[in-house]
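Participant: One file is attached below, start_21.tsv, containing TSV, C-alpha atoms.
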chain	number	residue	atom	x	y	z
A	23	MET	CA	227.07	289.30	-94.64
A	24	ALA	CA	227.40	291.12	-97.97
A	25	GLN	CA	223.74	292.15	-97.75
A	26	ALA	CA	224.28	293.37	-94.17
A	27	ALA	CA	227.30	295.39	-95.30
A	28	ARG	CA	225.32	297.09	-98.07
A	29	THR	CA	222.49	297.88	-95.69
A	30	LEU	CA	224.73	299.25	-92.96
A	31	TRP	CA	227.06	301.20	-95.23
A	32	PRO	CA	225.09	304.50	-94.88
A	33	VAL	CA	225.50	304.22	-91.09
A	34	GLY	CA	229.29	304.07	-91.41
A	35	HIS	CA	229.28	306.93	-93.92
A	36	THR	CA	227.19	309.15	-91.62
A	37	LEU	CA	229.38	308.36	-88.62
A	38	ALA	CA	232.53	309.33	-90.52
A	39	TRP	CA	230.89	312.60	-91.64
A	40	ARG	CA	229.79	313.45	-88.11
A	41	LEU	CA	233.28	312.86	-86.70
A	42	GLY	CA	234.89	314.85	-89.51
A	43	GLY	CA	232.51	317.81	-89.51
A	44	ARG	CA	231.57	318.33	-85.84
A	45	PHE	CA	233.94	318.36	-82.89
A	46	PRO	CA	232.93	316.58	-79.69
A	47	SER	CA	233.14	318.95	-76.73
A	48	GLY	CA	236.13	318.80	-74.37
A	49	LEU	CA	238.79	318.19	-77.00
A	50	SER	CA	242.09	320.11	-76.85
A	51	ALA	CA	243.06	322.52	-79.63
A	52	GLN	CA	245.64	320.02	-80.82
A	53	SER	CA	243.04	317.31	-80.97
A	54	ARG	CA	240.66	319.64	-82.81
A	55	ALA	CA	243.37	320.41	-85.32
A	56	GLY	CA	243.95	316.71	-85.80
A	57	PHE	CA	240.24	316.05	-86.48
A	58	ALA	CA	240.14	319.01	-88.83
A	59	GLY	CA	242.99	317.50	-90.76
A	60	ALA	CA	241.23	314.17	-90.85
A	61	ALA	CA	238.21	315.92	-92.28
A	62	GLY	CA	240.31	317.43	-95.08
A	63	GLY	CA	241.24	320.71	-93.34
A	64	SER	CA	244.58	322.52	-93.42
A	65	GLY	CA	245.78	321.73	-89.88
A	66	PRO	CA	249.39	320.74	-89.23
A	67	THR	CA	248.46	317.05	-88.90
A	68	ALA	CA	246.46	316.86	-92.14
A	69	THR	CA	249.12	315.00	-94.03
A	70	ALA	CA	249.76	312.52	-91.24
A	71	ARG	CA	246.05	311.67	-90.98
A	72	GLN	CA	245.04	311.39	-94.64
A	73	GLY	CA	243.99	307.74	-94.14
A	74	SER	CA	241.76	308.42	-91.12
A	75	PRO	CA	238.40	308.79	-92.97
A	76	ARG	CA	238.86	305.39	-94.58
A	77	LEU	CA	239.93	303.91	-91.28
A	78	LEU	CA	236.93	305.36	-89.46
A	79	GLY	CA	234.57	304.27	-92.21
A	80	ALA	CA	235.96	300.75	-92.14
A	81	ALA	CA	235.68	300.64	-88.36
A	82	ALA	CA	232.08	301.83	-88.49
A	83	LEU	CA	231.30	299.29	-91.21
A	84	ALA	CA	232.82	296.50	-89.15
A	85	LEU	CA	230.88	297.64	-86.10
A	86	GLY	CA	227.67	297.77	-88.13
A	87	GLY	CA	228.35	294.28	-89.50
A	88	VAL	CA	228.89	292.91	-86.01
A	89	LEU	CA	225.66	294.54	-84.82
A	90	GLY	CA	223.84	293.15	-87.85
A	91	LEU	CA	225.10	289.64	-87.13
A	92	TYR	CA	224.15	290.04	-83.46
A	93	HIS	CA	220.57	291.03	-84.27
A	94	THR	CA	220.32	288.32	-86.93
A	95	ALA	CA	221.48	285.73	-84.41
A	96	ARG	CA	218.99	287.05	-81.87
A	97	TRP	CA	216.18	286.83	-84.44
A	98	HIS	CA	217.08	283.23	-85.35
A	99	LEU	CA	217.27	282.22	-81.70
A	100	ARG	CA	213.92	283.88	-81.03
A	101	ALA	CA	212.38	282.13	-84.05
A	102	GLN	CA	213.73	278.79	-82.82
A	103	ASP	CA	212.29	279.58	-79.38
A	104	LEU	CA	208.87	280.29	-80.87
A	105	ARG	CA	208.98	277.10	-82.95
A	106	ALA	CA	209.98	275.12	-79.90
A	107	GLN	CA	207.17	276.70	-77.87
A	108	ARG	CA	204.63	275.88	-80.62
A	109	SER	CA	205.96	272.31	-80.87
A	110	ALA	CA	205.76	271.94	-77.10
A	111	ALA	CA	202.23	273.35	-77.10
A	112	GLN	CA	201.22	270.96	-79.89
A	113	LEU	CA	202.82	268.05	-78.03
A	114	SER	CA	200.92	269.06	-74.91
A	115	LEU	CA	197.66	269.13	-76.85
A	116	SER	CA	198.30	265.80	-78.56
A	117	SER	CA	199.23	264.14	-75.27
A	118	ARG	CA	195.78	265.04	-73.92
A	119	LEU	CA	194.13	262.98	-76.67
A	120	GLN	CA	193.64	259.24	-76.66
A	121	LEU	CA	192.75	258.19	-80.19
A	122	THR	CA	191.29	254.93	-81.51
A	123	LEU	CA	190.94	254.47	-85.26
A	124	TYR	CA	188.40	251.98	-86.61
A	125	GLN	CA	189.44	251.09	-90.13
A	126	TYR	CA	189.94	248.74	-93.04
A	127	LYS	CA	193.67	248.85	-93.65
A	128	THR	CA	193.29	248.82	-97.44
A	129	CYS	CA	190.65	251.58	-97.52
A	130	PRO	CA	192.02	254.77	-99.12
A	131	PHE	CA	189.99	257.00	-96.79
A	132	CYS	CA	191.40	255.21	-93.75
A	133	SER	CA	194.89	255.46	-95.23
A	134	LYS	CA	194.43	259.24	-95.52
A	135	VAL	CA	193.72	259.48	-91.79
A	136	ARG	CA	196.72	257.31	-90.89
A	137	ALA	CA	198.98	259.48	-93.05
A	138	PHE	CA	197.76	262.57	-91.17
A	139	LEU	CA	198.16	260.98	-87.72
A	140	ASP	CA	201.62	259.62	-88.53
A	141	PHE	CA	202.91	262.89	-89.99
A	142	HIS	CA	201.71	264.84	-86.93
A	143	ALA	CA	203.11	262.19	-84.56
A	144	LEU	CA	199.73	261.64	-82.92
A	145	PRO	CA	199.69	258.28	-81.11
A	146	TYR	CA	196.66	256.13	-81.84
A	147	GLN	CA	195.36	252.60	-81.51
A	148	VAL	CA	193.98	250.72	-84.50
A	149	VAL	CA	190.93	248.47	-84.49
A	150	GLU	CA	190.68	246.51	-87.74
A	151	VAL	CA	187.02	246.09	-88.67
A	152	ASN	CA	185.71	242.90	-90.18
A	153	PRO	CA	184.21	244.12	-93.49
A	154	VAL	CA	181.54	241.40	-93.50
A	155	ARG	CA	180.14	241.53	-89.97
A	156	ARG	CA	181.44	244.94	-88.86
A	157	ALA	CA	180.84	243.92	-85.25
A	158	GLU	CA	183.65	246.21	-84.11
A	159	ILE	CA	181.56	249.31	-84.93
A	160	LYS	CA	178.19	248.06	-83.69
A	161	PHE	CA	178.25	250.91	-81.16
A	162	SER	CA	177.88	253.41	-84.03
A	163	SER	CA	174.84	254.33	-86.09
A	164	TYR	CA	177.33	255.59	-88.69
A	165	ARG	CA	178.35	252.38	-90.45
A	166	LYS	CA	181.29	253.47	-92.58
A	167	VAL	CA	184.98	253.62	-91.80
A	168	PRO	CA	187.08	255.41	-90.80
A	169	ILE	CA	185.63	256.23	-87.41
A	170	LEU	CA	187.84	257.92	-84.83
A	171	LEU	CA	187.11	257.90	-81.11
A	172	ALA	CA	188.88	260.74	-79.31
A	173	GLN	CA	189.11	260.78	-75.53
A	174	GLU	CA	189.96	264.22	-74.12
A	175	GLY	CA	189.78	264.14	-70.33
A	176	GLU	CA	186.28	263.05	-69.42
A	177	SER	CA	184.94	263.82	-72.88
A	178	LEU	CA	184.67	261.05	-75.50
A	179	GLN	CA	183.97	262.22	-79.05
A	180	GLN	CA	183.21	260.21	-82.18
A	181	LEU	CA	184.48	261.68	-85.44
A	182	ASN	CA	183.16	260.34	-88.75
A	183	ASP	CA	184.39	260.85	-92.32
A	184	SER	CA	188.09	261.00	-93.15
A	185	SER	CA	188.13	264.67	-94.19
A	186	VAL	CA	186.18	265.75	-91.10
A	187	ILE	CA	188.57	263.80	-88.88
A	188	ILE	CA	191.59	265.48	-90.46
A	189	SER	CA	190.10	269.01	-90.44
A	190	ALA	CA	188.88	268.72	-86.85
A	191	LEU	CA	192.18	267.39	-85.51
A	192	LYS	CA	194.24	269.97	-87.40
A	193	THR	CA	191.99	272.74	-86.07
A	194	TYR	CA	192.51	271.33	-82.58
A	195	LEU	CA	196.30	271.25	-82.93
A	196	VAL	CA	196.54	274.78	-84.32
A	197	SER	CA	193.92	276.58	-82.22
A	198	GLY	CA	193.76	274.56	-79.01
A	199	GLN	CA	189.95	274.80	-78.97
A	200	PRO	CA	188.16	271.94	-77.18
A	201	LEU	CA	187.53	269.10	-79.60
A	202	GLU	CA	183.96	268.88	-78.33
A	203	ASP	CA	183.34	272.39	-79.68
A	204	ILE	CA	185.24	271.87	-82.92
A	205	ILE	CA	183.09	268.90	-83.94
A	206	THR	CA	179.99	271.07	-83.93
A	207	TYR	CA	181.46	273.07	-86.85
A	208	TYR	CA	181.09	270.01	-89.11
A	209	PRO	CA	177.40	269.04	-88.87
A	210	PRO	CA	176.17	265.93	-90.76
A	211	MET	CA	173.44	266.34	-93.36
A	212	LYS	CA	171.34	263.76	-95.15
A	213	ALA	CA	171.42	263.94	-98.93
A	214	VAL	CA	170.51	261.81	-101.95
A	215	ASN	CA	173.33	260.93	-104.34
A	216	ASP	CA	173.23	260.47	-108.13
A	217	GLN	CA	172.10	256.87	-107.72
A	218	GLY	CA	169.12	257.91	-105.59
A	219	LYS	CA	170.68	256.53	-102.41
A	220	GLU	CA	170.52	258.46	-99.14
A	221	VAL	CA	173.97	259.39	-97.91
A	222	THR	CA	175.42	261.44	-95.07
A	223	GLU	CA	177.39	264.53	-96.05
A	224	PHE	CA	179.35	266.82	-93.75
A	225	CYS	CA	179.38	270.58	-94.04
A	226	ASN	CA	182.66	272.52	-94.12
A	227	LYS	CA	184.74	269.35	-94.11
A	228	TYR	CA	187.69	270.86	-95.99
A	229	TRP	CA	187.74	274.03	-93.91
A	230	LEU	CA	189.88	274.57	-90.82
A	231	MET	CA	188.10	276.61	-88.13
A	232	LEU	CA	190.86	279.12	-87.37
A	233	ASP	CA	190.85	282.80	-86.56
A	234	GLU	CA	192.64	285.27	-88.82
A	235	LYS	CA	195.98	285.17	-86.99
A	236	GLU	CA	196.01	281.37	-86.82
A	237	ALA	CA	195.15	281.07	-90.52
A	238	GLN	CA	197.87	283.59	-91.43
A	239	ARG	CA	200.44	281.71	-89.37
A	240	MET	CA	199.51	278.40	-90.96
A	241	TYR	CA	198.99	279.43	-94.60
A	242	GLY	CA	200.61	282.81	-95.07
A	243	GLY	CA	197.83	283.85	-97.46
A	244	LYS	CA	194.36	283.03	-98.77
A	245	GLU	CA	195.72	281.49	-101.97
A	246	ALA	CA	197.52	278.69	-100.12
A	247	ARG	CA	194.42	277.91	-98.08
A	248	THR	CA	192.18	277.80	-101.15
A	249	GLU	CA	194.69	275.64	-103.01
A	250	GLU	CA	194.87	273.12	-100.16
A	251	MET	CA	191.08	272.83	-99.96
A	252	LYS	CA	190.75	272.43	-103.74
A	253	TRP	CA	193.17	269.51	-103.92
A	254	ARG	CA	191.85	267.81	-100.80
A	255	GLN	CA	188.43	267.74	-102.44
A	256	TRP	CA	189.98	266.55	-105.72
A	257	ALA	CA	191.52	263.60	-103.87
A	258	ASP	CA	188.08	262.62	-102.51
A	259	ASP	CA	185.98	263.38	-105.58
A	260	TRP	CA	188.25	262.08	-108.33
A	261	LEU	CA	191.50	260.39	-107.35
A	262	VAL	CA	189.97	257.88	-104.97
A	263	HIS	CA	187.53	256.72	-107.68
A	264	LEU	CA	190.45	255.69	-109.89
A	265	ILE	CA	191.71	253.10	-107.39
A	266	SER	CA	189.14	250.30	-107.80
A	267	PRO	CA	188.99	250.33	-111.62
A	268	ASN	CA	192.79	250.07	-111.67
A	269	VAL	CA	193.43	247.44	-108.99
A	270	TYR	CA	190.57	245.24	-110.32
A	271	ARG	CA	191.30	245.97	-114.00
A	272	THR	CA	191.88	242.32	-115.00
A	273	PRO	CA	190.90	239.01	-113.35
A	274	ALA	CA	194.54	238.44	-112.35
A	275	GLU	CA	194.84	241.91	-110.81
A	276	ALA	CA	191.50	241.48	-109.02
A	277	LEU	CA	192.68	238.19	-107.50
A	278	ALA	CA	196.02	239.72	-106.44
A	279	SER	CA	194.19	242.67	-104.90
A	280	PHE	CA	191.86	240.47	-102.87
A	281	ASP	CA	194.74	238.29	-101.77
A	282	TYR	CA	196.29	241.48	-100.36
A	283	ILE	CA	192.99	242.61	-98.79
A	284	VAL	CA	192.45	239.26	-97.07
A	285	ARG	CA	196.05	239.10	-95.89
A	286	GLU	CA	195.99	242.60	-94.40
A	287	GLY	CA	192.37	242.66	-93.25
A	288	LYS	CA	190.44	240.93	-90.49
A	289	PHE	CA	188.86	237.77	-91.90
A	290	GLY	CA	188.22	234.32	-90.53
A	291	ALA	CA	189.77	231.37	-92.40
A	292	VAL	CA	186.58	230.50	-94.31
A	293	GLU	CA	185.61	234.15	-94.79
A	294	GLY	CA	189.04	234.88	-96.21
A	295	THR	CA	188.89	232.12	-98.80
A	296	VAL	CA	185.38	233.04	-99.89
A	297	ALA	CA	186.23	236.73	-100.00
A	298	LYS	CA	189.38	236.16	-102.00
A	299	TYR	CA	187.73	234.30	-104.88
A	300	LEU	CA	184.13	235.50	-104.88
A	301	GLY	CA	185.16	239.03	-103.96
A	302	ALA	CA	187.74	239.17	-106.73
A	303	ALA	CA	185.22	237.98	-109.32
A	304	ALA	CA	182.56	240.41	-108.09
A	305	MET	CA	184.90	243.39	-108.02
A	306	TYR	CA	186.23	242.67	-111.48
A	307	PHE	CA	182.71	243.15	-112.88
A	308	ILE	CA	181.87	246.02	-110.53
A	309	SER	CA	185.01	247.84	-111.66
A	310	LYS	CA	183.61	247.85	-115.19
A	311	ARG	CA	180.49	249.60	-113.94
A	312	LEU	CA	182.62	252.11	-112.06
A	313	LYS	CA	184.60	252.74	-115.23
A	314	SER	CA	181.39	253.61	-117.04
A	315	ARG	CA	179.96	255.68	-114.16
A	316	HIS	CA	183.04	257.88	-113.96
A	317	HIS	CA	183.50	258.06	-117.75
A	318	LEU	CA	186.98	256.57	-117.69
A	319	GLN	CA	189.04	255.67	-120.74
A	320	ASP	CA	189.17	252.16	-122.16
A	321	ASP	CA	192.55	251.76	-120.51
A	322	VAL	CA	191.90	253.07	-117.01
A	323	ARG	CA	195.64	253.28	-116.38
A	324	GLU	CA	195.70	256.36	-118.60
A	325	ASP	CA	193.27	258.13	-116.27
A	326	LEU	CA	195.48	257.23	-113.31
A	327	TYR	CA	198.61	258.53	-115.04
A	328	GLU	CA	196.84	261.73	-116.08
A	329	ALA	CA	195.64	262.35	-112.53
A	330	ALA	CA	199.13	261.78	-111.12
A	331	ASN	CA	200.71	264.13	-113.66
A	332	LYS	CA	198.05	266.75	-113.00
A	333	TRP	CA	198.93	266.61	-109.31
A	334	VAL	CA	202.66	266.88	-110.01
A	335	ALA	CA	202.00	269.90	-112.24
A	336	ALA	CA	200.05	271.54	-109.40
A	337	VAL	CA	202.96	271.01	-107.00
A	338	GLY	CA	205.30	272.49	-109.60
A	339	LYS	CA	209.08	272.45	-109.90
A	340	ASP	CA	209.89	275.15	-107.35
A	341	ARG	CA	208.66	273.43	-104.19
A	342	PRO	CA	208.97	269.87	-102.90
A	343	PHE	CA	205.32	269.69	-101.76
A	344	LEU	CA	202.06	271.49	-102.45
A	345	GLY	CA	202.47	272.88	-98.94
A	346	GLY	CA	205.93	274.29	-99.78
A	347	GLN	CA	208.83	272.98	-97.73
A	348	LYS	CA	206.62	270.55	-95.83
A	349	PRO	CA	203.49	268.58	-96.76
A	350	ASN	CA	200.12	270.18	-96.23
A	351	LEU	CA	196.77	268.42	-95.83
A	352	ALA	CA	196.38	267.99	-99.59
A	353	ASP	CA	199.79	266.31	-99.87
A	354	LEU	CA	198.82	263.93	-97.07
A	355	ALA	CA	195.44	263.18	-98.67
A	356	VAL	CA	196.88	262.34	-102.11
A	357	TYR	CA	199.66	260.27	-100.58
A	358	GLY	CA	197.20	258.40	-98.36
A	359	VAL	CA	194.95	257.53	-101.30
A	360	LEU	CA	197.77	256.27	-103.52
A	361	ARG	CA	199.52	254.35	-100.74
A	362	VAL	CA	196.82	251.65	-100.62
A	363	MET	CA	198.01	250.37	-104.02
A	364	GLU	CA	201.57	249.65	-102.85
A	365	GLY	CA	202.63	246.11	-103.75
A	366	LEU	CA	200.12	245.86	-106.59
A	367	GLU	CA	200.69	246.03	-110.34
A	368	ALA	CA	198.77	249.30	-110.62
A	369	PHE	CA	201.17	250.99	-108.20
A	370	ASP	CA	204.27	249.79	-110.02
A	371	ASP	CA	202.83	250.99	-113.33
A	372	LEU	CA	202.00	254.36	-111.78
A	373	MET	CA	205.55	254.85	-110.54
A	374	HIS	CA	207.06	253.92	-113.92
A	375	HIS	CA	204.64	255.65	-116.30
A	376	SER	CA	203.92	258.96	-114.59
A	377	ARG	CA	206.01	261.75	-113.05
A	378	ILE	CA	204.81	261.20	-109.49
A	379	GLN	CA	207.59	259.01	-108.07
A	380	PRO	CA	209.96	261.80	-106.85
A	381	TRP	CA	207.13	263.52	-104.95
A	382	TYR	CA	205.91	260.18	-103.57
A	383	LEU	CA	209.38	259.30	-102.27
A	384	ARG	CA	209.67	262.74	-100.62
A	385	MET	CA	206.35	262.08	-98.89
A	386	GLU	CA	207.54	258.71	-97.63
A	387	LYS	CA	210.63	260.35	-96.19
A	388	ALA	CA	208.68	263.22	-94.60
A	389	ILE	CA	206.33	260.83	-92.78
A	390	ALA	CA	209.14	258.46	-91.78
A	391	GLU	CA	211.08	261.38	-90.26
A	392	ALA	CA	208.12	262.77	-88.34
A	393	PRO	CA	209.04	262.98	-84.62
A	394	GLN	CA	207.67	260.02	-82.70
What would you get if you wrote out this structure as structure tokens?

Facilitator:
Amino acid sequence: MAQAARTLWPVGHTLAWRLGGRFPSGLSAQSRAGFAGAAGGSGPTATARQGSPRLLGAAALALGGVLGLYHTARWHLRAQDLRAQRSAAQLSLSSRLQLTLYQYKTCPFCSKVRAFLDFHALPYQVVEVNPVRRAEIKFSSYRKVPILLAQEGESLQQLNDSSVIISALKTYLVSGQPLEDIITYYPPMKAVNDQGKEVTEFCNKYWLMLDEKEAQRMYGGKEARTEEMKWRQWADDWLVHLISPNVYRTPAEALASFDYIVREGKFGAVEGTVAKYLGAAAMYFISKRLKSRHHLQDDVREDLYEAANKWVAAVGKDRPFLGGQKPNLADLAVYGVLRVMEGLEAFDDLMHHSRIQPWYLRMEKAIAEAPQ
């Protein structure tokens, strides 16, 4: 209100000047004399009307303030209308999709996708894949998880790779383009990794396929878009590779981790027992190779703490999330990766020995409060 008063003050000042200096037509001589006195003239009523300029100015100021409040209220109502329309449009789009997620529950890439779907209130069915036989995804030549099947009307699309799934669905929700078309923007390519193994890579997987107006509405500027892409890639290229060396750091931690994996995963009774003990032993030794491959410190916890603190520093002190007042795709990716360690010693250590806990708790709350 104070800001509105300062802005509107010149209007009140001009109105008082106009009434004091120019006479509206049709006034009697007595009335003209009265206005002249109010303007500082020498008419017979000048003394009686000495307070009129202040009174008129105050009245104009009050009128300007009321008009300012009226237009402010109209703007807020219009903004709420637009937000409601966008929410309704997004709800309409999401209701046209039937989603089925093929996953391992303890996989960080699958957890990333679930975090995205949950935050955006997209309903989906989960098919837990047996990690030994993988019979649940025998329909697919792509043999990794997550895999998302998306039914849109008569069209059934298969989306592979966690970052492609997230980028394609977010593009769909923002732009309303057919999902069948969006998928073509993320073509798979065969490549050979550092170990000489052929792998499938996806072009543009951190990029949302939006026009200029859509991108401006979502990000507000190029810097925010670039920042989101940078940290999404960091979550895939670095953070996720700190999980295994930390949860399998010692034989006891490896056994606890596989107990959790067997309990939450899809194993038969015999498979579960074999996986728990043989898997724990195998992963304990494999984690040492991963430590060497990624040039981690002797105590891999230090790398985990450093990564968490680097992320917190990127978010900064002036915003609750990297995305500002609400999580963006990078927030959801980092949260999804770290969430798979919940209940394990590595997670407890991370919460106690790094600065990430306040941000992590805000993320939990944001996803829990997402409209269902």

Participant: So that I can see what lies close to stretch 262-276 of chain A, please list as a list of chain:residue names the residues with an atom at most 6 Å from it, counting only C-alpha atoms and leaving out residues fewer than 2 positions away in the same chain.

Facilitator: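 Those residues are A:Asp258, A:Trp260, A:Ala278, A:Ser279, A:Ala302, A:Tyr306, A:Ser309, A:Ala368.
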
Participant: Please produce a file of those selected residues containing C-alpha atoms, as a PDB file, in the frame of the given file.

Facilitator:
ATOM      1  CA  ASP A 258     188.080 262.620-102.510  1.00  0.00           C
ATOM      2  CA  TRP A 260     188.250 262.080-108.330  1.00  0.00           C
ATOM      3  CA  ALA A 278     196.020 239.720-106.440  1.00  0.00           C
ATOM      4  CA  SER A 279     194.190 242.670-104.900  1.00  0.00           C
ATOM      5  CA  ALA A 302     187.740 239.170-106.730  1.00  0.00           C
ATOM      6  CA  TYR A 306     186.230 242.670-111.480  1.00  0.00           C
ATOM      7  CA  SER A 309     185.010 247.840-111.660  1.00  0.00           C
ATOM      8  CA  ALA A 368     198.770 249.300-110.620  1.00  0.00           C
TER       9      ALA A 368
END

Participant: Pick out the residues sitting within 10 Å of A:Glu324, and hand them over as a PDB file with C-alpha atoms, in the frame of the given file; count all atoms listed in the file, and ignore anything fewer than 6 positions along from it in its own chain.

Facilitator:
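Output saved as part_25.pdb:
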ATOM      1  CA  ASN A 268     192.790 250.070-111.670  1.00  0.00           C
ATOM      2  CA  LEU A 318     186.980 256.570-117.690  1.00  0.00           C
ATOM      3  CA  ALA A 330     199.130 261.780-111.120  1.00  0.00           C
ATOM      4  CA  LEU A 372     202.000 254.360-111.780  1.00  0.00           C
ATOM      5  CA  HIS A 375     204.640 255.650-116.300  1.00  0.00           C
ATOM      6  CA  SER A 376     203.920 258.960-114.590  1.00  0.00           C
TER       7      SER A 376
END

Participant: Got a sec: who's within 10 Å of A:Trp256, counting all atoms listed in the file, leaving out chain neighbours fewer than 3 positions off, as a PyMOL selection string?

Facilitator: chain A and resi 250-253+259-262+329+333+352+355-356

Participant: So that I have them on file, write out the residues from the current selection with C-alpha atoms, as a PDB file, in the coordinates of the input.

Facilitator:
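Final file, result33.pdb:
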ATOM      1  CA  GLU A 250     194.870 273.120-100.160  1.00  0.00           C
ATOM      2  CA  MET A 251     191.080 272.830 -99.960  1.00  0.00           C
ATOM      3  CA  LYS A 252     190.750 272.430-103.740  1.00  0.00           C
ATOM      4  CA  TRP A 253     193.170 269.510-103.920  1.00  0.00           C
ATOM      5  CA  ASP A 259     185.980 263.380-105.580  1.00  0.00           C
ATOM      6  CA  TRP A 260     188.250 262.080-108.330  1.00  0.00           C
ATOM      7  CA  LEU A 261     191.500 260.390-107.350  1.00  0.00           C
ATOM      8  CA  VAL A 262     189.970 257.880-104.970  1.00  0.00           C
ATOM      9  CA  ALA A 329     195.640 262.350-112.530  1.00  0.00           C
ATOM     10  CA  TRP A 333     198.930 266.610-109.310  1.00  0.00           C
ATOM     11  CA  ALA A 352     196.380 267.990 -99.590  1.00  0.00           C
ATOM     12  CA  ALA A 355     195.440 263.180 -98.670  1.00  0.00           C
ATOM     13  CA  VAL A 356     196.880 262.340-102.110  1.00  0.00           C
TER      14      VAL A 356
END

Participant: Please report, as a tab-separated table, each residue of stretch 285-363 of chain A lying at most 10 Å from stretch 238-247 of chain A, together with the nearest pair of atoms and the separation in Å rounded to one decimal; use only C-alpha atoms, and order rows by chain and ascending residue number.

Facilitator:
residue	atom	partner	partner_atom	distance
A:Leu344	CA	A:Ala246	CA	8.8
A:Gly345	CA	A:Ala246	CA	7.7
A:Gly346	CA	A:Ala246	CA	9.5
A:Asn350	CA	A:Tyr241	CA	9.5

Participant: Between atom CA of A:Leu232 and atom CA of A:Ser177, what is the spacing in Å?

Facilitator: 21.9 Å

Participant: Calculate how many Å separate atom CA of A:Ala392 from atom CA of A:Gln147, rounding to one decimal.

Facilitator: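 According to the coordinates, atom CA of A:Ala392 and atom CA of A:Gln147 are separated by 17.7 Å.
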
Participant: So, counting only C-alpha atoms, which residue among A:Phe289, A:Tyr299, A:Phe307, A:Tyr164 is closest to A:Tyr126?

Facilitator: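 Of the candidates, the smallest distance to A:Tyr126 is held by A:Phe289.
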
Participant: May I ask which of the residues A:Arg118, A:Arg155, A:Lys219, A:Lys227 is the closest one to A:Glu174, counting only C-alpha atoms?

Facilitator: A:Arg118

Participant: Grab the atom CA of A:Leu181 to atom CA of A:Phe141 distance for me, in Å with one decimal place.

Facilitator: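 Rounded to one decimal, the two atoms are 19.0 Å apart.
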
Participant: Identify, on the basis of all atoms listed in the file, every residue whose closest approach to A:Pro200 does not exceed 12 Å; exclude the query and any residue fewer than 4 positions from it along the same chain; express the result as a VMD selection string.

Facilitator: chain A and resid 115 to 116 118 to 119 172 to 179 190 to 191 193 to 196 204 to 207 231

Participant: In file coordinates, which residues lie within 12 Å of (206.0, 261.0, -108.4) using only C-alpha atoms, given as a compact mmCIF listing (two decimals) with C-alpha atoms, in the coordinates of the input?

Facilitator:
# COMPACT_ATOMS: atom_id res chain seq x y z
CA TYR A 327 198.61 258.53 -115.04
CA GLU A 328 196.84 261.73 -116.08
CA ALA A 329 195.64 262.35 -112.53
CA ALA A 330 199.13 261.78 -111.12
CA ASN A 331 200.71 264.13 -113.66
CA LYS A 332 198.05 266.75 -113.00
CA TRP A 333 198.93 266.61 -109.31
CA VAL A 334 202.66 266.88 -110.01
CA ALA A 335 202.00 269.90 -112.24
CA VAL A 337 202.96 271.01 -107.00
CA GLY A 338 205.30 272.49 -109.60
CA LYS A 339 209.08 272.45 -109.90
CA PRO A 342 208.97 269.87 -102.90
CA PHE A 343 205.32 269.69 -101.76
CA ASP A 353 199.79 266.31 -99.87
CA VAL A 356 196.88 262.34 -102.11
CA TYR A 357 199.66 260.27 -100.58
CA LEU A 360 197.77 256.27 -103.52
CA PHE A 369 201.17 250.99 -108.20
CA ASP A 370 204.27 249.79 -110.02
CA ASP A 371 202.83 250.99 -113.33
CA LEU A 372 202.00 254.36 -111.78
CA MET A 373 205.55 254.85 -110.54
CA HIS A 374 207.06 253.92 -113.92
CA HIS A 375 204.64 255.65 -116.30
CA SER A 376 203.92 258.96 -114.59
CA ARG A 377 206.01 261.75 -113.05
CA ILE A 378 204.81 261.20 -109.49
CA GLN A 379 207.59 259.01 -108.07
CA PRO A 380 209.96 261.80 -106.85
CA TRP A 381 207.13 263.52 -104.95
CA TYR A 382 205.91 260.18 -103.57
CA LEU A 383 209.38 259.30 -102.27
CA ARG A 384 209.67 262.74 -100.62
CA MET A 385 206.35 262.08 -98.89
CA GLU A 386 207.54 258.71 -97.63

Participant: In terms of the shortest atom-to-atom distance over all atoms listed in the file, which of A:Val167, A:Leu351, A:Val292, A:Val362 is closest to A:Ser189?

Facilitator: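 Using all atoms listed in the file, A:Ser189 sits closest to A:Leu351.
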
Participant: Could you check the closest approach to A:Ser163 for each of A:Thr222, A:His142, A:Lys235, A:Phe131 and tell me which residue wins, using all atoms listed in the file?

Facilitator: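 Using all atoms listed in the file, A:Ser163 sits closest to A:Thr222.
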